[in-house]
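Undergrad: Sharing work10.txt (compact mmCIF, N, CA and C atoms) below.
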```txt
# COMPACT_ATOMS: atom_id res chain seq x y z
N MET W 1 9.12 8.14 5.31
CA MET W 1 7.74 8.52 5.50
C MET W 1 7.20 7.85 6.75
N SER W 2 6.82 8.62 7.72
CA SER W 2 6.36 8.05 8.98
C SER W 2 4.84 8.11 9.14
N GLU W 3 4.19 8.99 8.40
CA GLU W 3 2.74 9.10 8.53
C GLU W 3 2.05 7.93 7.84
N ARG W 4 1.02 7.45 8.49
CA ARG W 4 0.27 6.31 7.97
C ARG W 4 -0.57 6.74 6.76
N ILE W 5 -0.67 5.86 5.80
CA ILE W 5 -1.50 6.09 4.62
C ILE W 5 -2.86 5.46 4.88
N SER W 6 -3.91 6.25 4.70
CA SER W 6 -5.27 5.75 4.93
C SER W 6 -5.66 4.77 3.82
N GLU W 7 -6.76 4.10 4.06
CA GLU W 7 -7.27 3.14 3.07
C GLU W 7 -7.62 3.85 1.76
N ALA W 8 -8.20 5.03 1.85
CA ALA W 8 -8.54 5.79 0.64
C ALA W 8 -7.27 6.23 -0.09
N GLU W 9 -6.29 6.70 0.65
CA GLU W 9 -5.03 7.11 0.03
C GLU W 9 -4.33 5.92 -0.62
N ARG W 10 -4.46 4.76 0.01
CA ARG W 10 -3.84 3.56 -0.58
C ARG W 10 -4.47 3.24 -1.94
N ALA W 11 -5.75 3.48 -2.11
CA ALA W 11 -6.40 3.25 -3.40
C ALA W 11 -5.74 4.11 -4.49
N ILE W 12 -5.40 5.33 -4.14
CA ILE W 12 -4.71 6.22 -5.08
C ILE W 12 -3.30 5.68 -5.35
N MET W 13 -2.62 5.25 -4.28
CA MET W 13 -1.27 4.70 -4.44
C MET W 13 -1.28 3.47 -5.34
N GLU W 14 -2.28 2.63 -5.19
CA GLU W 14 -2.37 1.41 -6.02
C GLU W 14 -2.41 1.78 -7.50
N VAL W 15 -3.17 2.81 -7.83
CA VAL W 15 -3.25 3.26 -9.22
C VAL W 15 -1.88 3.73 -9.70
N LEU W 16 -1.20 4.52 -8.86
CA LEU W 16 0.11 5.05 -9.24
C LEU W 16 1.18 3.97 -9.27
N TRP W 17 1.06 2.96 -8.42
CA TRP W 17 2.02 1.86 -8.46
C TRP W 17 1.87 1.05 -9.73
N GLU W 18 0.66 0.99 -10.24
CA GLU W 18 0.41 0.24 -11.48
C GLU W 18 0.89 1.02 -12.71
N GLU W 19 0.72 2.34 -12.68
CA GLU W 19 1.10 3.16 -13.84
C GLU W 19 1.34 4.59 -13.38
N SER W 20 2.43 5.14 -13.81
CA SER W 20 2.71 6.54 -13.51
C SER W 20 3.75 7.05 -14.50
N PRO W 21 3.81 8.34 -14.71
CA PRO W 21 3.02 9.39 -14.06
C PRO W 21 1.62 9.49 -14.66
N LEU W 22 0.71 9.97 -13.83
CA LEU W 22 -0.68 10.17 -14.23
C LEU W 22 -1.17 11.52 -13.70
N THR W 23 -2.13 12.09 -14.41
CA THR W 23 -2.78 13.32 -13.94
C THR W 23 -3.90 12.95 -12.97
N ALA W 24 -4.40 13.94 -12.24
CA ALA W 24 -5.52 13.72 -11.33
C ALA W 24 -6.73 13.18 -12.09
N THR W 25 -6.96 13.68 -13.28
CA THR W 25 -8.08 13.21 -14.10
C THR W 25 -7.90 11.74 -14.47
N ASP W 26 -6.67 11.36 -14.84
CA ASP W 26 -6.38 9.96 -15.16
C ASP W 26 -6.66 9.06 -13.96
N ILE W 27 -6.21 9.50 -12.79
CA ILE W 27 -6.39 8.72 -11.57
C ILE W 27 -7.87 8.60 -11.24
N ALA W 28 -8.59 9.69 -11.33
CA ALA W 28 -10.03 9.68 -11.04
C ALA W 28 -10.76 8.70 -11.97
N ALA W 29 -10.37 8.66 -13.22
CA ALA W 29 -11.00 7.74 -14.17
C ALA W 29 -10.73 6.28 -13.79
N ARG W 30 -9.56 6.01 -13.25
CA ARG W 30 -9.20 4.64 -12.90
C ARG W 30 -9.88 4.15 -11.61
N VAL W 31 -10.23 5.06 -10.71
CA VAL W 31 -10.90 4.65 -9.47
C VAL W 31 -12.41 4.88 -9.52
N GLU W 32 -12.89 5.46 -10.60
CA GLU W 32 -14.30 5.86 -10.70
C GLU W 32 -15.27 4.70 -10.46
N ASP W 33 -15.08 3.57 -11.11
CA ASP W 33 -16.03 2.46 -10.98
C ASP W 33 -16.10 1.92 -9.56
N ALA W 34 -14.94 1.73 -8.94
CA ALA W 34 -14.90 1.13 -7.61
C ALA W 34 -15.26 2.10 -6.49
N ARG W 35 -14.94 3.37 -6.66
CA ARG W 35 -15.05 4.31 -5.55
C ARG W 35 -16.11 5.39 -5.71
N GLN W 36 -16.49 5.72 -6.91
CA GLN W 36 -17.45 6.79 -7.13
C GLN W 36 -16.97 8.13 -6.56
N TRP W 37 -15.67 8.39 -6.67
CA TRP W 37 -15.09 9.62 -6.15
C TRP W 37 -15.11 10.71 -7.21
N SER W 38 -15.36 11.91 -6.78
CA SER W 38 -15.28 13.05 -7.68
C SER W 38 -13.81 13.42 -7.90
N LEU W 39 -13.57 14.24 -8.91
CA LEU W 39 -12.21 14.72 -9.17
C LEU W 39 -11.70 15.52 -7.97
N ALA W 40 -12.58 16.26 -7.32
CA ALA W 40 -12.18 17.05 -6.14
C ALA W 40 -11.68 16.13 -5.01
N THR W 41 -12.36 15.02 -4.81
CA THR W 41 -11.93 14.06 -3.78
C THR W 41 -10.56 13.49 -4.11
N VAL W 42 -10.36 13.12 -5.36
CA VAL W 42 -9.06 12.59 -5.80
C VAL W 42 -7.97 13.64 -5.58
N LYS W 43 -8.26 14.88 -5.92
CA LYS W 43 -7.27 15.95 -5.73
C LYS W 43 -6.94 16.15 -4.25
N THR W 44 -7.93 16.03 -3.39
CA THR W 44 -7.69 16.14 -1.95
C THR W 44 -6.77 15.02 -1.47
N LEU W 45 -7.03 13.80 -1.93
CA LEU W 45 -6.19 12.67 -1.55
C LEU W 45 -4.77 12.83 -2.10
N LEU W 46 -4.66 13.33 -3.32
CA LEU W 46 -3.33 13.58 -3.90
C LEU W 46 -2.58 14.63 -3.09
N SER W 47 -3.27 15.64 -2.64
CA SER W 47 -2.66 16.68 -1.82
C SER W 47 -2.14 16.09 -0.50
N ARG W 48 -2.95 15.25 0.13
CA ARG W 48 -2.52 14.60 1.38
C ARG W 48 -1.29 13.73 1.16
N LEU W 49 -1.31 12.96 0.08
CA LEU W 49 -0.18 12.08 -0.21
C LEU W 49 1.08 12.87 -0.53
N THR W 50 0.92 14.02 -1.17
CA THR W 50 2.06 14.89 -1.44
C THR W 50 2.63 15.43 -0.14
N GLN W 51 1.76 15.86 0.77
CA GLN W 51 2.21 16.36 2.07
C GLN W 51 2.93 15.28 2.87
N LYS W 52 2.50 14.04 2.72
CA LYS W 52 3.13 12.92 3.42
C LYS W 52 4.40 12.43 2.72
N GLU W 53 4.70 13.06 1.59
CA GLU W 53 5.87 12.71 0.78
C GLU W 53 5.82 11.27 0.26
N ALA W 54 4.60 10.78 0.02
CA ALA W 54 4.41 9.46 -0.56
C ALA W 54 4.40 9.55 -2.09
N ILE W 55 4.05 10.73 -2.61
CA ILE W 55 4.04 10.98 -4.04
C ILE W 55 4.68 12.33 -4.33
N ALA W 56 5.03 12.51 -5.59
CA ALA W 56 5.54 13.80 -6.05
C ALA W 56 4.82 14.11 -7.36
N TYR W 57 4.94 15.34 -7.79
CA TYR W 57 4.34 15.72 -9.07
C TYR W 57 5.30 16.59 -9.85
N GLU W 58 5.05 16.57 -11.14
CA GLU W 58 5.79 17.43 -12.05
C GLU W 58 4.76 18.25 -12.82
N GLU W 59 4.98 19.53 -12.85
CA GLU W 59 4.06 20.42 -13.53
C GLU W 59 4.38 20.43 -15.02
N GLN W 60 3.36 20.15 -15.82
CA GLN W 60 3.50 20.20 -17.27
C GLN W 60 2.37 21.08 -17.80
N GLY W 61 2.70 22.33 -18.04
CA GLY W 61 1.67 23.29 -18.41
C GLY W 61 0.77 23.54 -17.23
N ARG W 62 -0.52 23.33 -17.43
CA ARG W 62 -1.48 23.54 -16.34
C ARG W 62 -1.83 22.23 -15.63
N ARG W 63 -1.15 21.16 -15.99
CA ARG W 63 -1.46 19.85 -15.40
C ARG W 63 -0.32 19.37 -14.52
N PHE W 64 -0.69 18.64 -13.50
CA PHE W 64 0.28 18.00 -12.63
C PHE W 64 0.30 16.50 -12.96
N HIS W 65 1.48 15.97 -13.10
CA HIS W 65 1.65 14.54 -13.35
C HIS W 65 2.26 13.92 -12.09
N TYR W 66 1.52 12.98 -11.48
CA TYR W 66 1.88 12.40 -10.20
C TYR W 66 2.60 11.07 -10.38
N ARG W 67 3.55 10.82 -9.47
CA ARG W 67 4.27 9.56 -9.45
C ARG W 67 4.56 9.19 -7.99
N PRO W 68 4.65 7.91 -7.70
CA PRO W 68 4.92 7.51 -6.31
C PRO W 68 6.37 7.73 -5.93
N LEU W 69 6.58 8.18 -4.72
CA LEU W 69 7.92 8.20 -4.11
C LEU W 69 8.08 6.97 -3.22
N LEU W 70 6.99 6.59 -2.59
CA LEU W 70 6.97 5.43 -1.72
C LEU W 70 6.74 4.18 -2.57
N GLN W 71 7.59 3.21 -2.43
CA GLN W 71 7.44 1.96 -3.19
C GLN W 71 6.46 1.03 -2.47
N ARG W 72 5.74 0.23 -3.24
CA ARG W 72 4.73 -0.68 -2.69
C ARG W 72 5.34 -1.61 -1.64
N ASP W 73 6.47 -2.21 -1.94
CA ASP W 73 7.10 -3.14 -0.99
C ASP W 73 7.46 -2.45 0.32
N ASP W 74 7.99 -1.24 0.24
CA ASP W 74 8.34 -0.50 1.45
C ASP W 74 7.09 -0.20 2.28
N HIS W 75 6.02 0.17 1.60
CA HIS W 75 4.76 0.44 2.31
C HIS W 75 4.24 -0.83 2.97
N ASN W 76 4.26 -1.95 2.25
CA ASN W 76 3.75 -3.20 2.79
C ASN W 76 4.55 -3.65 4.01
N VAL W 77 5.87 -3.48 3.96
CA VAL W 77 6.71 -3.84 5.11
C VAL W 77 6.35 -2.98 6.31
N ALA W 78 6.22 -1.68 6.09
CA ALA W 78 5.89 -0.77 7.19
C ALA W 78 4.52 -1.09 7.79
N GLU W 79 3.53 -1.36 6.94
CA GLU W 79 2.19 -1.68 7.44
C GLU W 79 2.18 -3.02 8.16
N SER W 80 2.92 -3.99 7.66
CA SER W 80 3.01 -5.29 8.33
C SER W 80 3.62 -5.13 9.71
N LYS W 81 4.67 -4.33 9.78
CA LYS W 81 5.33 -4.09 11.08
C LYS W 81 4.37 -3.40 12.04
N ARG W 82 3.63 -2.41 11.55
CA ARG W 82 2.65 -1.73 12.41
C ARG W 82 1.61 -2.71 12.95
N LEU W 83 1.14 -3.59 12.09
CA LEU W 83 0.15 -4.58 12.49
C LEU W 83 0.71 -5.51 13.55
N VAL W 84 1.88 -6.05 13.32
CA VAL W 84 2.49 -6.97 14.27
C VAL W 84 2.80 -6.26 15.59
N ASP W 85 3.31 -5.05 15.50
CA ASP W 85 3.59 -4.27 16.72
C ASP W 85 2.31 -4.00 17.51
N SER W 86 1.28 -3.59 16.79
CA SER W 86 0.03 -3.19 17.42
C SER W 86 -0.73 -4.36 18.04
N LEU W 87 -0.83 -5.45 17.31
CA LEU W 87 -1.66 -6.57 17.75
C LEU W 87 -0.91 -7.66 18.51
N PHE W 88 0.40 -7.78 18.25
CA PHE W 88 1.14 -8.91 18.79
C PHE W 88 2.42 -8.51 19.51
N GLY W 89 2.49 -7.26 19.95
CA GLY W 89 3.65 -6.82 20.71
C GLY W 89 4.97 -6.96 19.97
N GLY W 90 4.91 -6.88 18.64
CA GLY W 90 6.13 -6.95 17.85
C GLY W 90 6.61 -8.35 17.54
N ARG W 91 5.87 -9.36 17.96
CA ARG W 91 6.28 -10.75 17.72
C ARG W 91 5.45 -11.36 16.60
N VAL W 92 6.11 -12.03 15.69
CA VAL W 92 5.44 -12.62 14.53
C VAL W 92 4.81 -13.97 14.87
N SER W 93 5.45 -14.74 15.73
CA SER W 93 4.96 -16.10 16.00
C SER W 93 3.52 -16.14 16.51
N PRO W 94 3.07 -15.21 17.38
CA PRO W 94 1.66 -15.26 17.78
C PRO W 94 0.70 -15.04 16.61
N LEU W 95 1.10 -14.22 15.64
CA LEU W 95 0.27 -14.00 14.45
C LEU W 95 0.14 -15.30 13.66
N VAL W 96 1.26 -15.97 13.42
CA VAL W 96 1.24 -17.22 12.67
C VAL W 96 0.44 -18.28 13.44
N ALA W 97 0.63 -18.33 14.76
CA ALA W 97 -0.10 -19.31 15.57
C ALA W 97 -1.61 -19.07 15.48
N GLN W 98 -2.00 -17.80 15.53
CA GLN W 98 -3.43 -17.48 15.45
C GLN W 98 -4.01 -17.89 14.09
N LEU W 99 -3.27 -17.61 13.03
CA LEU W 99 -3.73 -18.01 11.70
C LEU W 99 -3.83 -19.54 11.59
N ALA W 100 -2.85 -20.23 12.16
CA ALA W 100 -2.85 -21.69 12.10
C ALA W 100 -4.02 -22.27 12.89
N GLU W 101 -4.28 -21.70 14.06
CA GLU W 101 -5.38 -22.18 14.89
C GLU W 101 -6.73 -22.00 14.20
N ARG W 102 -6.85 -20.98 13.41
CA ARG W 102 -8.11 -20.71 12.72
C ARG W 102 -8.16 -21.36 11.34
N GLU W 103 -7.16 -22.21 11.07
CA GLU W 103 -7.07 -22.94 9.81
C GLU W 103 -7.04 -22.01 8.60
N GLU W 104 -6.37 -20.88 8.77
CA GLU W 104 -6.22 -19.91 7.68
C GLU W 104 -5.01 -20.24 6.80
N LEU W 105 -4.17 -21.17 7.25
CA LEU W 105 -2.97 -21.53 6.51
C LEU W 105 -3.21 -22.85 5.78
N ASP W 106 -2.98 -22.86 4.48
CA ASP W 106 -3.11 -24.11 3.73
C ASP W 106 -1.72 -24.74 3.59
N ASP W 107 -1.67 -25.90 2.94
CA ASP W 107 -0.39 -26.62 2.80
C ASP W 107 0.66 -25.79 2.08
N GLN W 108 0.25 -25.03 1.09
CA GLN W 108 1.21 -24.18 0.38
C GLN W 108 1.79 -23.12 1.32
N ASP W 109 0.94 -22.51 2.15
CA ASP W 109 1.42 -21.53 3.12
C ASP W 109 2.44 -22.17 4.07
N LEU W 110 2.11 -23.37 4.55
CA LEU W 110 3.00 -24.05 5.49
C LEU W 110 4.33 -24.38 4.83
N ASP W 111 4.28 -24.86 3.58
CA ASP W 111 5.52 -25.15 2.85
C ASP W 111 6.37 -23.90 2.70
N GLU W 112 5.73 -22.77 2.37
CA GLU W 112 6.46 -21.52 2.20
C GLU W 112 7.06 -21.04 3.52
N LEU W 113 6.32 -21.22 4.61
CA LEU W 113 6.84 -20.84 5.93
C LEU W 113 8.04 -21.70 6.32
N GLU W 114 7.93 -23.01 6.07
CA GLU W 114 9.06 -23.90 6.36
C GLU W 114 10.29 -23.50 5.56
N GLN W 115 10.10 -23.22 4.30
CA GLN W 115 11.21 -22.81 3.45
C GLN W 115 11.82 -21.49 3.94
N LEU W 116 10.98 -20.54 4.32
CA LEU W 116 11.45 -19.27 4.84
C LEU W 116 12.26 -19.46 6.12
N ILE W 117 11.75 -20.28 7.03
CA ILE W 117 12.45 -20.52 8.28
C ILE W 117 13.81 -21.17 8.02
N ARG W 118 13.85 -22.15 7.12
CA ARG W 118 15.14 -22.79 6.76
C ARG W 118 16.12 -21.76 6.22
N SER W 119 15.64 -20.88 5.34
CA SER W 119 16.56 -19.90 4.74
C SER W 119 17.02 -18.87 5.78
N LEU W 120 16.19 -18.55 6.75
CA LEU W 120 16.57 -17.59 7.79
C LEU W 120 17.58 -18.17 8.77
N ARG W 121 17.54 -19.49 8.96
CA ARG W 121 18.45 -20.16 9.90
C ARG W 121 19.87 -20.29 9.34
N LYS W 122 20.02 -20.16 8.03
CA LYS W 122 21.35 -20.33 7.41
C LYS W 122 22.28 -19.21 7.74
```
So, in terms of structure tokens, how does the structure I just supplied come out?

TA:
Amino acid sequence: MSERISEAERAIMEVLWEESPLTATDIAARVEDARQWSLATVKTLLSRLTQKEAIAYEEQGRRFHYRPLLQRDDHNVAESKRLVDSLFGGRVSPLVAQLAEREELDDQDLDELEQLIRSLRK
């Protein structure tokens, strides 16, 4: 899947990553409080995600049951790479340096980074 998933589409994906298969009505009920989206809006987003091959559906009578084709981890890796490519020319170290300079990294983050670097050097 090469097409980017919008923030609104990601909200639908989050629901499906948590539980699937679900109908459009089920999905609309799960995003209703946070998004105030109509069923028509949810169906439009489901259609876009189907076209992007991020989800698939199975027809059961008159209802469609949706499930993700794109896994959350795969999506997160792709989005992280896009961010690093876009903002930092594909290099991770400037991102980490910027976070460190702004004191966005706590001791736990630093410990995890040190452990990651050690494991990558092996």

Undergrad: So how many Å separate CA of Ile55 in chain W and CA of Leu39 in chain W, to one decimal?

TA: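 CA of Ile55 in chain W sits 17.4 Å away from CA of Leu39 in chain W.
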
Undergrad: Here is a test: counting all atoms listed in the file, which residue of W:Asp85, W:Ala8, W:Trp17, W:Arg48 is nearest to Gln71 in chain W?

TA: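 Checking each of W:Asp85, W:Ala8, W:Trp17, W:Arg48 against Gln71 in chain W, counting all atoms listed in the file, the winner is W:Trp17.
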
Undergrad: Which value, in Å to one decimal, gives the distance between atom N of Gly90 in chain W and atom N of Leu70 in chain W?

TA: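 Interatomic distance, atom N of Gly90 in chain W to atom N of Leu70 in chain W: 25.2 Å.
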
Undergrad: Need to verify the contact set: range 24-28 of chain W, 6.5 Å, all atoms listed in the file, exclusion of same-chain residues closer than 4 positions in sequence. Can you return it as an MDAnalysis selection string?

TA: chainID W and resid 32 37:39 42:43 64:66

Undergrad: For atom N of Leu87 in chain W and CA of Arg4 in chain W, determine how far apart the two atoms are, in Å to one decimal place.

TA: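 Between atom N of Leu87 in chain W and CA of Arg4 in chain W the gap works out to 15.1 Å.
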
Undergrad: Could you pull out all residues of range 28-61 of chain W with a DSSP call of helix (DSSP H, G or I) and give them as number ranges by chain?

TA: W: 28-35, 39-51

Undergrad: Export, as an mmCIF file, keeping the file's coordinate frame, the selected residues with N, CA and C atoms.

TA:
```cif
data_model
loop_
_atom_site.group_PDB
_atom_site.id
_atom_site.type_symbol
_atom_site.label_atom_id
_atom_site.label_comp_id
_atom_site.auth_asym_id
_atom_site.auth_seq_id
_atom_site.Cartn_x
_atom_site.Cartn_y
_atom_site.Cartn_z
ATOM 1 N N ALA W 28 -8.590 9.690 -11.330
ATOM 2 C CA ALA W 28 -10.030 9.680 -11.040
ATOM 3 C C ALA W 28 -10.760 8.700 -11.970
ATOM 4 N N ALA W 29 -10.370 8.660 -13.220
ATOM 5 C CA ALA W 29 -11.000 7.740 -14.170
ATOM 6 C C ALA W 29 -10.730 6.280 -13.790
ATOM 7 N N ARG W 30 -9.560 6.010 -13.250
ATOM 8 C CA ARG W 30 -9.200 4.640 -12.900
ATOM 9 C C ARG W 30 -9.880 4.150 -11.610
ATOM 10 N N VAL W 31 -10.230 5.060 -10.710
ATOM 11 C CA VAL W 31 -10.900 4.650 -9.470
ATOM 12 C C VAL W 31 -12.410 4.880 -9.520
ATOM 13 N N GLU W 32 -12.890 5.460 -10.600
ATOM 14 C CA GLU W 32 -14.300 5.860 -10.700
ATOM 15 C C GLU W 32 -15.270 4.700 -10.460
ATOM 16 N N ASP W 33 -15.080 3.570 -11.110
ATOM 17 C CA ASP W 33 -16.030 2.460 -10.980
ATOM 18 C C ASP W 33 -16.100 1.920 -9.560
ATOM 19 N N ALA W 34 -14.940 1.730 -8.940
ATOM 20 C CA ALA W 34 -14.900 1.130 -7.610
ATOM 21 C C ALA W 34 -15.260 2.100 -6.490
ATOM 22 N N ARG W 35 -14.940 3.370 -6.660
ATOM 23 C CA ARG W 35 -15.050 4.310 -5.550
ATOM 24 C C ARG W 35 -16.110 5.390 -5.710
ATOM 25 N N LEU W 39 -13.570 14.240 -8.910
ATOM 26 C CA LEU W 39 -12.210 14.720 -9.170
ATOM 27 C C LEU W 39 -11.700 15.520 -7.970
ATOM 28 N N ALA W 40 -12.580 16.260 -7.320
ATOM 29 C CA ALA W 40 -12.180 17.050 -6.140
ATOM 30 C C ALA W 40 -11.680 16.130 -5.010
ATOM 31 N N THR W 41 -12.360 15.020 -4.810
ATOM 32 C CA THR W 41 -11.930 14.060 -3.780
ATOM 33 C C THR W 41 -10.560 13.490 -4.110
ATOM 34 N N VAL W 42 -10.360 13.120 -5.360
ATOM 35 C CA VAL W 42 -9.060 12.590 -5.800
ATOM 36 C C VAL W 42 -7.970 13.640 -5.580
ATOM 37 N N LYS W 43 -8.260 14.880 -5.920
ATOM 38 C CA LYS W 43 -7.270 15.950 -5.730
ATOM 39 C C LYS W 43 -6.940 16.150 -4.250
ATOM 40 N N THR W 44 -7.930 16.030 -3.390
ATOM 41 C CA THR W 44 -7.690 16.140 -1.950
ATOM 42 C C THR W 44 -6.770 15.020 -1.470
ATOM 43 N N LEU W 45 -7.030 13.800 -1.930
ATOM 44 C CA LEU W 45 -6.190 12.670 -1.550
ATOM 45 C C LEU W 45 -4.770 12.830 -2.100
ATOM 46 N N LEU W 46 -4.660 13.330 -3.320
ATOM 47 C CA LEU W 46 -3.330 13.580 -3.900
ATOM 48 C C LEU W 46 -2.580 14.630 -3.090
ATOM 49 N N SER W 47 -3.270 15.640 -2.640
ATOM 50 C CA SER W 47 -2.660 16.680 -1.820
ATOM 51 C C SER W 47 -2.140 16.090 -0.500
ATOM 52 N N ARG W 48 -2.950 15.250 0.130
ATOM 53 C CA ARG W 48 -2.520 14.600 1.380
ATOM 54 C C ARG W 48 -1.290 13.730 1.160
ATOM 55 N N LEU W 49 -1.310 12.960 0.080
ATOM 56 C CA LEU W 49 -0.180 12.080 -0.210
ATOM 57 C C LEU W 49 1.080 12.870 -0.530
ATOM 58 N N THR W 50 0.920 14.020 -1.170
ATOM 59 C CA THR W 50 2.060 14.890 -1.440
ATOM 60 C C THR W 50 2.630 15.430 -0.140
ATOM 61 N N GLN W 51 1.760 15.860 0.770
ATOM 62 C CA GLN W 51 2.210 16.360 2.070
ATOM 63 C C GLN W 51 2.930 15.280 2.870
#
```

Undergrad: Enumerate as a compact mmCIF listing (two decimals) with N, CA and C atoms, in the frame of the given file all residues of range 1-121 of chain W assigned to strand (DSSP E or B) by DSSP on the backbone, naming them with the chain letters and numbers the document uses.

TA:
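Final file, part_12.txt:
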```txt
# COMPACT_ATOMS: atom_id res chain seq x y z
N LEU W 22 0.71 9.97 -13.83
CA LEU W 22 -0.68 10.17 -14.23
C LEU W 22 -1.17 11.52 -13.70
N ILE W 55 4.05 10.73 -2.61
CA ILE W 55 4.04 10.98 -4.04
C ILE W 55 4.68 12.33 -4.33
N ALA W 56 5.03 12.51 -5.59
CA ALA W 56 5.54 13.80 -6.05
C ALA W 56 4.82 14.11 -7.36
N TYR W 57 4.94 15.34 -7.79
CA TYR W 57 4.34 15.72 -9.07
C TYR W 57 5.30 16.59 -9.85
N GLU W 58 5.05 16.57 -11.14
CA GLU W 58 5.79 17.43 -12.05
C GLU W 58 4.76 18.25 -12.82
N GLU W 59 4.98 19.53 -12.85
CA GLU W 59 4.06 20.42 -13.53
C GLU W 59 4.38 20.43 -15.02
N GLN W 60 3.36 20.15 -15.82
CA GLN W 60 3.50 20.20 -17.27
C GLN W 60 2.37 21.08 -17.80
N ARG W 63 -1.15 21.16 -15.99
CA ARG W 63 -1.46 19.85 -15.40
C ARG W 63 -0.32 19.37 -14.52
N PHE W 64 -0.69 18.64 -13.50
CA PHE W 64 0.28 18.00 -12.63
C PHE W 64 0.30 16.50 -12.96
N HIS W 65 1.48 15.97 -13.10
CA HIS W 65 1.65 14.54 -13.35
C HIS W 65 2.26 13.92 -12.09
N TYR W 66 1.52 12.98 -11.48
CA TYR W 66 1.88 12.40 -10.20
C TYR W 66 2.60 11.07 -10.38
N ARG W 67 3.55 10.82 -9.47
CA ARG W 67 4.27 9.56 -9.45
C ARG W 67 4.56 9.19 -7.99
N PRO W 68 4.65 7.91 -7.70
CA PRO W 68 4.92 7.51 -6.31
C PRO W 68 6.37 7.73 -5.93
```

Undergrad: When distances are computed from all atoms listed in the file, which of W:Val96, W:Val15, W:Phe88, W:Asp73 shows the smallest separation from Arg30 in chain W?

TA: W:Val15

Undergrad: Between W:Glu3, W:Ser86, W:Val77, W:Val92, which is the closest to Glu53 in chain W once you count all atoms listed in the file?

TA: W:Glu3

Undergrad: Could you tell me which of W:Lys52, W:Arg67, W:Lys122, W:Arg35 comes closest to Glu19 in chain W if we count all atoms listed in the file?

TA: W:Arg67
